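The file start.pdb contains PDB, C-alpha atoms:
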MODEL        1
ATOM      1  CA  MET A 709     -29.862 -15.106 -38.702  1.00  0.00           C
ATOM      2  CA  VAL A 710     -29.432 -18.387 -36.893  1.00  0.00           C
ATOM      3  CA  MET A 711     -26.794 -18.376 -34.218  1.00  0.00           C
ATOM      4  CA  ASP A 712     -24.412 -21.323 -34.095  1.00  0.00           C
ATOM      5  CA  LEU A 713     -24.768 -22.392 -30.497  1.00  0.00           C
ATOM      6  CA  THR A 714     -21.816 -24.778 -30.717  1.00  0.00           C
ATOM      7  CA  GLN A 715     -19.530 -21.747 -30.933  1.00  0.00           C
ATOM      8  CA  VAL A 716     -20.843 -20.153 -27.739  1.00  0.00           C
ATOM      9  CA  VAL A 717     -18.551 -20.728 -24.804  1.00  0.00           C
ATOM     10  CA  LEU A 718     -20.370 -20.399 -21.542  1.00  0.00           C
ATOM     11  CA  GLN A 719     -18.512 -19.566 -18.382  1.00  0.00           C
ATOM     12  CA  PRO A 720     -19.912 -19.850 -14.894  1.00  0.00           C
ATOM     13  CA  ALA A 721     -21.546 -16.491 -14.124  1.00  0.00           C
ATOM     14  CA  GLY A 722     -19.611 -16.066 -10.885  1.00  0.00           C
ATOM     15  CA  ARG A 723     -16.225 -16.231 -12.588  1.00  0.00           C
ATOM     16  CA  ARG A 724     -16.759 -13.502 -15.139  1.00  0.00           C
ATOM     17  CA  PRO A 725     -15.128 -10.182 -14.295  1.00  0.00           C
ATOM     18  CA  VAL A 726     -17.685  -7.440 -13.820  1.00  0.00           C
ATOM     19  CA  ASN A 727     -17.112  -3.786 -14.548  1.00  0.00           C
ATOM     20  CA  THR A 728     -19.542  -1.416 -12.998  1.00  0.00           C
ATOM     21  CA  ARG A 729     -20.553   2.205 -13.426  1.00  0.00           C
ATOM     22  CA  ILE A 730     -21.487   2.548  -9.771  1.00  0.00           C
ATOM     23  CA  LYS A 731     -18.705   5.013  -8.984  1.00  0.00           C
ATOM     24  CA  GLU A 732     -19.602   7.206 -11.945  1.00  0.00           C
ATOM     25  CA  LEU A 733     -23.320   7.251 -11.150  1.00  0.00           C
ATOM     26  CA  ARG A 734     -22.682   7.695  -7.441  1.00  0.00           C
ATOM     27  CA  ALA A 735     -20.656  10.800  -8.228  1.00  0.00           C
ATOM     28  CA  ARG A 736     -23.502  12.084 -10.398  1.00  0.00           C
ATOM     29  CA  TYR A 737     -25.900  11.876  -7.466  1.00  0.00           C
ATOM     30  CA  ASN A 738     -23.295  13.177  -5.031  1.00  0.00           C
ATOM     31  CA  LEU A 739     -23.479  10.103  -2.865  1.00  0.00           C
ATOM     32  CA  THR A 740     -20.677   8.752  -0.739  1.00  0.00           C
ATOM     33  CA  GLN A 741     -20.036   5.018  -0.517  1.00  0.00           C
ATOM     34  CA  GLU A 742     -21.418   5.080   3.005  1.00  0.00           C
ATOM     35  CA  GLU A 743     -24.619   6.851   1.957  1.00  0.00           C
ATOM     36  CA  LEU A 744     -25.194   4.448  -0.920  1.00  0.00           C
ATOM     37  CA  ALA A 745     -24.542   1.497   1.385  1.00  0.00           C
ATOM     38  CA  LYS A 746     -27.072   2.838   3.874  1.00  0.00           C
ATOM     39  CA  LYS A 747     -29.705   3.349   1.166  1.00  0.00           C
ATOM     40  CA  VAL A 748     -29.211  -0.145  -0.199  1.00  0.00           C
ATOM     41  CA  GLY A 749     -28.892  -1.735   3.245  1.00  0.00           C
ATOM     42  CA  VAL A 750     -25.432  -3.254   2.922  1.00  0.00           C
ATOM     43  CA  ARG A 751     -21.996  -2.659   4.419  1.00  0.00           C
ATOM     44  CA  ARG A 752     -19.737   0.010   2.961  1.00  0.00           C
ATOM     45  CA  GLU A 753     -17.182  -2.731   2.192  1.00  0.00           C
ATOM     46  CA  THR A 754     -19.699  -4.369  -0.143  1.00  0.00           C
ATOM     47  CA  ILE A 755     -20.016  -1.152  -2.142  1.00  0.00           C
ATOM     48  CA  VAL A 756     -16.202  -0.858  -2.247  1.00  0.00           C
ATOM     49  CA  PHE A 757     -15.842  -4.388  -3.670  1.00  0.00           C
ATOM     50  CA  LEU A 758     -18.740  -3.822  -6.083  1.00  0.00           C
ATOM     51  CA  GLU A 759     -17.062  -0.689  -7.449  1.00  0.00           C
ATOM     52  CA  LYS A 760     -13.771  -2.519  -7.858  1.00  0.00           C
ATOM     53  CA  GLY A 761     -15.581  -5.269  -9.766  1.00  0.00           C
ATOM     54  CA  LYS A 762     -14.385  -7.773  -7.209  1.00  0.00           C
ATOM     55  CA  TYR A 763     -17.800  -8.892  -6.079  1.00  0.00           C
ATOM     56  CA  ASN A 764     -20.644 -10.355  -8.131  1.00  0.00           C
ATOM     57  CA  PRO A 765     -23.847  -9.301  -6.394  1.00  0.00           C
ATOM     58  CA  SER A 766     -27.119 -11.196  -6.222  1.00  0.00           C
ATOM     59  CA  LEU A 767     -29.875 -10.142  -8.591  1.00  0.00           C
ATOM     60  CA  LYS A 768     -31.682  -8.454  -5.699  1.00  0.00           C
ATOM     61  CA  LEU A 769     -28.668  -6.375  -4.663  1.00  0.00           C
ATOM     62  CA  ALA A 770     -27.985  -5.416  -8.284  1.00  0.00           C
ATOM     63  CA  HIS A 771     -31.628  -4.358  -8.597  1.00  0.00           C
ATOM     64  CA  ASP A 772     -31.514  -2.353  -5.354  1.00  0.00           C
ATOM     65  CA  VAL A 773     -28.333  -0.511  -6.358  1.00  0.00           C
ATOM     66  CA  ALA A 774     -29.745   0.206  -9.816  1.00  0.00           C
ATOM     67  CA  LYS A 775     -32.958   1.510  -8.259  1.00  0.00           C
ATOM     68  CA  VAL A 776     -31.128   3.891  -5.910  1.00  0.00           C
ATOM     69  CA  LEU A 777     -28.988   5.175  -8.791  1.00  0.00           C
ATOM     70  CA  GLU A 778     -32.088   5.438 -11.022  1.00  0.00           C
ATOM     71  CA  THR A 779     -30.756   3.225 -13.763  1.00  0.00           C
ATOM     72  CA  THR A 780     -31.092  -0.347 -14.992  1.00  0.00           C
ATOM     73  CA  ILE A 781     -28.996  -3.385 -14.138  1.00  0.00           C
ATOM     74  CA  GLU A 782     -27.798  -3.587 -17.760  1.00  0.00           C
ATOM     75  CA  GLU A 783     -26.548  -0.005 -17.580  1.00  0.00           C
ATOM     76  CA  LEU A 784     -24.897  -0.517 -14.231  1.00  0.00           C
ATOM     77  CA  PHE A 785     -23.014  -3.763 -14.757  1.00  0.00           C
ATOM     78  CA  ILE A 786     -20.889  -4.385 -17.819  1.00  0.00           C
ATOM     79  CA  PHE A 787     -19.694  -7.899 -18.529  1.00  0.00           C
ATOM     80  CA  ASP A 788     -16.532  -8.356 -20.596  1.00  0.00           C
ATOM     81  CA  ASP A 789     -18.291 -10.336 -23.305  1.00  0.00           C
ATOM     82  CA  ASP A 790     -21.003  -7.655 -23.843  1.00  0.00           C
TER
ATOM     83  CA  MET B1106     -11.802   5.947  20.845  1.00  0.00           C
ATOM     84  CA  GLU B1107     -15.425   5.389  21.779  1.00  0.00           C
ATOM     85  CA  PHE B1108     -16.848   2.001  22.696  1.00  0.00           C
ATOM     86  CA  ARG B1109     -20.453   1.118  22.015  1.00  0.00           C
ATOM     87  CA  ARG B1110     -22.396  -0.457  24.860  1.00  0.00           C
ATOM     88  CA  ASP B1111     -25.463  -1.763  23.083  1.00  0.00           C
ATOM     89  CA  LYS B1112     -27.392  -4.970  23.773  1.00  0.00           C
ATOM     90  CA  ASP B1113     -25.482  -7.120  21.275  1.00  0.00           C
ATOM     91  CA  ILE B1114     -22.074  -6.238  22.708  1.00  0.00           C
ATOM     92  CA  LEU B1115     -23.241  -6.815  26.285  1.00  0.00           C
ATOM     93  CA  ARG B1116     -24.810 -10.162  25.314  1.00  0.00           C
ATOM     94  CA  PHE B1117     -21.583 -11.236  23.624  1.00  0.00           C
ATOM     95  CA  LEU B1118     -19.546 -10.187  26.675  1.00  0.00           C
ATOM     96  CA  GLY B1119     -21.970 -12.122  28.894  1.00  0.00           C
ATOM     97  CA  ILE B1120     -21.446 -15.275  26.821  1.00  0.00           C
ATOM     98  CA  ALA B1121     -17.663 -14.765  26.993  1.00  0.00           C
ATOM     99  CA  VAL B1122     -17.725 -14.450  30.785  1.00  0.00           C
ATOM    100  CA  LEU B1123     -19.967 -17.525  30.997  1.00  0.00           C
ATOM    101  CA  LEU B1124     -17.467 -19.494  28.887  1.00  0.00           C
ATOM    102  CA  ILE B1125     -14.584 -18.478  31.159  1.00  0.00           C
ATOM    103  CA  ILE B1126     -16.510 -19.341  34.329  1.00  0.00           C
ATOM    104  CA  THR B1127     -17.541 -22.737  32.885  1.00  0.00           C
ATOM    105  CA  GLY B1128     -13.918 -23.381  31.903  1.00  0.00           C
ATOM    106  CA  ILE B1129     -12.630 -22.507  35.381  1.00  0.00           C
ATOM    107  CA  LEU B1130     -15.312 -24.680  37.056  1.00  0.00           C
ATOM    108  CA  MET B1131     -14.496 -27.600  34.741  1.00  0.00           C
ATOM    109  CA  MET B1132     -10.790 -27.342  35.467  1.00  0.00           C
ATOM    110  CA  SER B1133     -11.399 -27.068  39.216  1.00  0.00           C
ATOM    111  CA  PHE B1134     -13.981 -29.763  39.823  1.00  0.00           C
ATOM    112  CA  LEU B1135     -13.796 -32.338  37.032  1.00  0.00           C
ATOM    113  CA  PRO B1136     -10.823 -34.701  37.104  1.00  0.00           C
ATOM    114  CA  GLY B1137      -9.065 -36.033  34.020  1.00  0.00           C
ATOM    115  CA  LEU B1138      -6.977 -34.625  31.242  1.00  0.00           C
ATOM    116  CA  THR B1139      -9.912 -34.415  28.792  1.00  0.00           C
ATOM    117  CA  TYR B1140     -11.956 -32.098  31.057  1.00  0.00           C
ATOM    118  CA  GLN B1141      -8.841 -30.064  31.821  1.00  0.00           C
ATOM    119  CA  GLY B1142      -8.300 -29.633  28.079  1.00  0.00           C
ATOM    120  CA  ILE B1143     -11.913 -28.704  27.374  1.00  0.00           C
ATOM    121  CA  GLY B1144     -11.912 -26.298  30.351  1.00  0.00           C
ATOM    122  CA  PHE B1145      -8.726 -24.652  29.134  1.00  0.00           C
ATOM    123  CA  SER B1146     -10.175 -24.378  25.596  1.00  0.00           C
ATOM    124  CA  LEU B1147     -13.323 -22.736  26.993  1.00  0.00           C
ATOM    125  CA  ILE B1148     -11.230 -20.188  28.892  1.00  0.00           C
ATOM    126  CA  ILE B1149      -9.220 -19.407  25.749  1.00  0.00           C
ATOM    127  CA  MET B1150     -12.445 -19.107  23.713  1.00  0.00           C
ATOM    128  CA  GLY B1151     -13.880 -16.756  26.340  1.00  0.00           C
ATOM    129  CA  LEU B1152     -10.781 -14.567  26.239  1.00  0.00           C
ATOM    130  CA  ILE B1153     -10.909 -14.492  22.428  1.00  0.00           C
ATOM    131  CA  ALA B1154     -14.609 -13.585  22.613  1.00  0.00           C
ATOM    132  CA  ILE B1155     -13.851 -10.693  25.014  1.00  0.00           C
ATOM    133  CA  THR B1156     -11.136  -9.425  22.633  1.00  0.00           C
ATOM    134  CA  MET B1157     -13.535  -9.708  19.675  1.00  0.00           C
ATOM    135  CA  ALA B1158     -16.287  -7.884  21.600  1.00  0.00           C
ATOM    136  CA  THR B1159     -13.865  -5.076  22.479  1.00  0.00           C
ATOM    137  CA  ILE B1160     -12.724  -4.703  18.861  1.00  0.00           C
ATOM    138  CA  THR B1161     -16.325  -4.880  17.590  1.00  0.00           C
ATOM    139  CA  SER B1162     -17.556  -2.290  20.095  1.00  0.00           C
ATOM    140  CA  ALA B1163     -14.989   0.185  18.752  1.00  0.00           C
ATOM    141  CA  ARG B1164     -16.395  -0.096  15.192  1.00  0.00           C
ATOM    142  CA  PRO B1165     -19.480   1.813  14.009  1.00  0.00           C
ATOM    143  CA  LYS B1166     -22.693  -0.212  13.994  1.00  0.00           C
ATOM    144  CA  GLU B1167     -23.161   0.308  10.238  1.00  0.00           C
ATOM    145  CA  ASP B1168     -20.013  -1.744   9.597  1.00  0.00           C
ATOM    146  CA  LEU B1169     -21.601  -4.754  11.242  1.00  0.00           C
ATOM    147  CA  ILE B1170     -24.775  -5.134   9.175  1.00  0.00           C
ATOM    148  CA  GLN B1171     -25.246  -8.712   8.034  1.00  0.00           C
ATOM    149  CA  ASP B1172     -25.589  -8.192   4.293  1.00  0.00           C
ATOM    150  CA  GLU B1173     -25.548 -10.843   1.566  1.00  0.00           C
ATOM    151  CA  ARG B1174     -21.777 -10.665   1.133  1.00  0.00           C
ATOM    152  CA  SER B1175     -20.977 -11.180   4.800  1.00  0.00           C
ATOM    153  CA  LYS B1176     -23.512 -14.033   4.961  1.00  0.00           C
ATOM    154  CA  ARG B1177     -21.922 -15.705   1.921  1.00  0.00           C
ATOM    155  CA  ILE B1178     -18.469 -15.298   3.499  1.00  0.00           C
ATOM    156  CA  LYS B1179     -19.654 -16.905   6.734  1.00  0.00           C
ATOM    157  CA  GLU B1180     -21.295 -19.792   4.891  1.00  0.00           C
ATOM    158  CA  LYS B1181     -18.278 -20.465   2.711  1.00  0.00           C
ATOM    159  CA  ALA B1182     -15.811 -20.174   5.594  1.00  0.00           C
ATOM    160  CA  GLY B1183     -18.002 -22.472   7.693  1.00  0.00           C
ATOM    161  CA  TYR B1184     -18.217 -25.076   4.942  1.00  0.00           C
ATOM    162  CA  HIS B1185     -14.460 -25.075   4.373  1.00  0.00           C
ATOM    163  CA  ALA B1186     -13.670 -25.067   8.111  1.00  0.00           C
ATOM    164  CA  PHE B1187     -15.929 -28.118   8.454  1.00  0.00           C
ATOM    165  CA  LEU B1188     -14.040 -29.852   5.631  1.00  0.00           C
ATOM    166  CA  ILE B1189     -10.711 -29.031   7.326  1.00  0.00           C
ATOM    167  CA  LEU B1190     -12.078 -30.453  10.565  1.00  0.00           C
ATOM    168  CA  LEU B1191     -13.162 -33.658   8.816  1.00  0.00           C
ATOM    169  CA  VAL B1192      -9.785 -34.063   7.103  1.00  0.00           C
ATOM    170  CA  THR B1193      -7.980 -33.480  10.414  1.00  0.00           C
ATOM    171  CA  MET B1194     -10.177 -36.063  12.114  1.00  0.00           C
ATOM    172  CA  ALA B1195      -9.477 -38.533   9.325  1.00  0.00           C
ATOM    173  CA  LEU B1196      -5.737 -37.883   9.706  1.00  0.00           C
ATOM    174  CA  VAL B1197      -5.901 -38.460  13.458  1.00  0.00           C
ATOM    175  CA  GLN B1198      -7.790 -41.681  12.818  1.00  0.00           C
ATOM    176  CA  ALA B1199      -5.215 -42.784  10.225  1.00  0.00           C
ATOM    177  CA  ILE B1200      -2.290 -41.942  12.512  1.00  0.00           C
ATOM    178  CA  SER B1201      -3.827 -43.826  15.410  1.00  0.00           C
ATOM    179  CA  MET B1202      -4.540 -46.829  13.176  1.00  0.00           C
ATOM    180  CA  PHE B1203      -1.300 -47.067  11.230  1.00  0.00           C
ATOM    181  CA  GLY B1204       1.173 -44.831  12.991  1.00  0.00           C
ATOM    182  CA  ARG B1205       3.210 -45.407  16.056  1.00  0.00           C
ATOM    183  CA  LEU B1206       1.864 -42.374  17.857  1.00  0.00           C
ATOM    184  CA  ASP B1207      -0.667 -43.188  20.508  1.00  0.00           C
ATOM    185  CA  LEU B1208      -3.422 -40.795  19.497  1.00  0.00           C
ATOM    186  CA  ASP B1209      -7.102 -41.134  20.227  1.00  0.00           C
ATOM    187  CA  TYR B1210     -10.091 -38.837  19.850  1.00  0.00           C
ATOM    188  CA  ARG B1211     -10.499 -38.244  23.582  1.00  0.00           C
ATOM    189  CA  SER B1212      -7.041 -36.783  23.974  1.00  0.00           C
ATOM    190  CA  VAL B1213      -7.076 -34.685  20.807  1.00  0.00           C
ATOM    191  CA  SER B1214     -10.730 -33.571  20.756  1.00  0.00           C
ATOM    192  CA  PRO B1215     -10.050 -30.148  22.384  1.00  0.00           C
ATOM    193  CA  ASN B1216      -7.381 -29.475  19.760  1.00  0.00           C
ATOM    194  CA  LEU B1217      -9.761 -30.556  16.992  1.00  0.00           C
ATOM    195  CA  PHE B1218     -12.334 -28.035  18.211  1.00  0.00           C
ATOM    196  CA  LEU B1219      -9.634 -25.367  18.238  1.00  0.00           C
ATOM    197  CA  ILE B1220      -8.589 -26.282  14.687  1.00  0.00           C
ATOM    198  CA  GLY B1221     -12.206 -26.027  13.487  1.00  0.00           C
ATOM    199  CA  GLY B1222     -12.788 -22.711  15.251  1.00  0.00           C
ATOM    200  CA  TRP B1223      -9.551 -21.122  14.131  1.00  0.00           C
ATOM    201  CA  SER B1224     -10.018 -22.339  10.552  1.00  0.00           C
ATOM    202  CA  TRP B1225     -13.417 -20.622  10.480  1.00  0.00           C
ATOM    203  CA  ILE B1226     -12.024 -17.350  11.859  1.00  0.00           C
ATOM    204  CA  LEU B1227      -9.010 -17.325   9.517  1.00  0.00           C
ATOM    205  CA  LEU B1228     -11.031 -18.303   6.430  1.00  0.00           C
ATOM    206  CA  LYS B1229     -13.600 -15.593   7.206  1.00  0.00           C
ATOM    207  CA  TRP B1230     -10.795 -13.046   7.398  1.00  0.00           C
ATOM    208  CA  TYR B1231      -9.248 -14.333   4.155  1.00  0.00           C
ATOM    209  CA  TYR B1232     -12.496 -14.355   2.130  1.00  0.00           C
ATOM    210  CA  ASN B1233     -13.417 -10.928   3.477  1.00  0.00           C
ATOM    211  CA  ARG B1234     -10.060  -9.566   2.337  1.00  0.00           C
ATOM    212  CA  ARG B1235     -10.150 -11.265  -1.069  1.00  0.00           C
ATOM    213  CA  GLY B1236     -13.418  -9.652  -2.045  1.00  0.00           C
ATOM    214  CA  ASP B1237     -15.466 -12.009  -4.150  1.00  0.00           C
ATOM    215  CA  VAL B1238     -17.264 -14.992  -2.690  1.00  0.00           C
ATOM    216  CA  ARG B1239     -18.177 -17.655  -5.204  1.00  0.00           C
TER
ENDMDL
END
This structure in structure tokens:
Amino acid sequence: MVMDLTQVVLQPAGRRPVNTRIKELRARYNLTQEELAKKVGVRRETIVFLEKGKYNPSLKLAHDVAKVLETTIEELFIFDDD
Amino acid sequence: MEFRRDKDILRFLGIAVLLIITGILMMSFLPGLTYQGIGFSLIIMGLIAITMATITSARPKEDLIQDERSKRIKEKAGYHAFLILLVTMALVQAISMFGRLDLDYRSVSPNLFLIGGWSWILLKWYYNRRGDVR
């Protein structure tokens, strides 16, 4: 099937709302926000905003969080158009 | 409440004291309204720095890591504070050229520095509170 590219509306990546499963996976591993922040090497505030979907992380941070929570970036971050 | 006394805090306090001393020396020995203004601004900056150091020393060290989000906030706030400073300077220039007020850079330069500094501090606080940094 050939996709009609004229119908695809691209938005700047930074403006798309991001839903994450960080809270859910963090609970699975019994980690507090502070512990996760320490493991990833960021401030606790950053984890708070990530969980709320209010902060779009860099690819490296997304990778680091996914690695600590033993999952993939695709599993961890859900974009609205997925 | 416990206050940390690590190297960073002490260095920051040292800079603050240095600013205050420089400000006092400027106001005491250099004549002219411009130097008085700069000296006064330095004293105010030193006092603000001491307040910031005190507040910072009461927070745990983990809260002060420079991660990507805090770096982005600083960069964005700095860029916008610089734009505000440029616009303010342009306004001062326009007022002195076309207005009836007798303004010139020498007399308003301390205030311009204050505007730039305060814009940076306030924007940092605002972006930090808002969450996302684009």
- Can you list, as a PyMOL selection string, every protein, DNA or RNA residue that comes within 10 Å of Glu742 of chain A when you count all atoms listed in the file, leaving out same-chain residues fewer than 3 positions away? (chain A and resi 739+745-748+750-753+755-756) or (chain B and resi 1167-1168)
Within 12 Å of chain A, which residues of chain B show up? Give each one with its shortest atom-to-atom distance in Å (one decimal) and the two atoms involved, counting all atoms listed in the file, rows by chain then rising residue number, as CSV.
residue,atom,partner,partner_atom,distance
B:Pro1165,CA,A:Arg751,CA,10.9
B:Lys1166,CA,A:Arg751,CA,9.9
B:Glu1167,CA,A:Arg751,CA,6.6
B:Asp1168,CA,A:Arg751,CA,5.6
B:Leu1169,CA,A:Arg751,CA,7.1
B:Ile1170,CA,A:Arg751,CA,6.0
B:Gln1171,CA,A:Val750,CA,7.5
B:Asp1172,CA,A:Val750,CA,5.1
B:Glu1173,CA,A:Val750,CA,7.7
B:Arg1174,CA,A:Thr754,CA,6.8
B:Ser1175,CA,A:Thr754,CA,8.5
B:Lys1176,CA,A:Val750,CA,11.1
B:Arg1177,CA,A:Ser766,CA,10.7
B:Ile1178,CA,A:Tyr763,CA,11.5
B:Tyr1232,CA,A:Tyr763,CA,11.2
B:Asn1233,CA,A:Glu753,CA,9.1
B:Arg1234,CA,A:Phe757,CA,9.8
B:Arg1235,CA,A:Lys762,CA,8.2
B:Gly1236,CA,A:Lys762,CA,5.6
B:Asp1237,CA,A:Tyr763,CA,4.3
B:Val1238,CA,A:Tyr763,CA,7.0
B:Arg1239,CA,A:Gly722,CA,6.1
- Task: Can you work out which one of B:Ala1121, B:Leu1228, B:Ile1155, B:Leu1115 has the shortest atom-to-atom distance to Tyr1184 of chain B, counting only C-alpha atoms?
- Result: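 Answer, going by the shortest atom-to-atom distance: B:Leu1228.
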- Message: Quick check on the file I pasted: which residues fall under the PyMOL selection byres ((chain B and resi 1185-1198) around 10)? Write them as number ranges by chain.
- Response: B: 1179-1184, 1199-1204, 1206-1210, 1213-1214, 1217-1229
- Item | Selection under test: the PyMOL selection byres ((chain A and resi 773) around 9); residues as a PyMOL selection string | chain A and resi 730+744-745+747-748+768-772+774-779+781+784
- Item | atom CA of Leu1152 of chain B to atom CA of Phe1134 of chain B, straight-line distance in Å | 20.6 Å
Quick one: everything within 9 Å of Arg729 of chain A, counting only C-alpha atoms, minus sequence neighbours fewer than 3 positions away in the same chain. Send it as a compact mmCIF listing (two decimals) with C-alpha atoms, in the coordinates of the input.
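around04.txt written:
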# COMPACT_ATOMS: atom_id res chain seq x y z
CA GLU A 732 -19.60 7.21 -11.94
CA LEU A 733 -23.32 7.25 -11.15
CA ARG A 734 -22.68 7.70 -7.44
CA GLU A 759 -17.06 -0.69 -7.45
CA GLU A 783 -26.55 0.00 -17.58
CA LEU A 784 -24.90 -0.52 -14.23
CA PHE A 785 -23.01 -3.76 -14.76
CA ILE A 786 -20.89 -4.38 -17.82
- Message: To one decimal place in Å, what is the distance between atom CA of Leu1124 of chain B and atom CA of Gly1142 of chain B?
- Response: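 About the pair atom CA of Leu1124 of chain B and atom CA of Gly1142 of chain B: they are 13.7 Å apart.
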- Item | the PyMOL selection byres ((chain B and resi 1162) around 8) resolved against shown file, as a VMD selection string | chain B and resid 1108 to 1110 1114 1158 to 1161 1163 to 1165
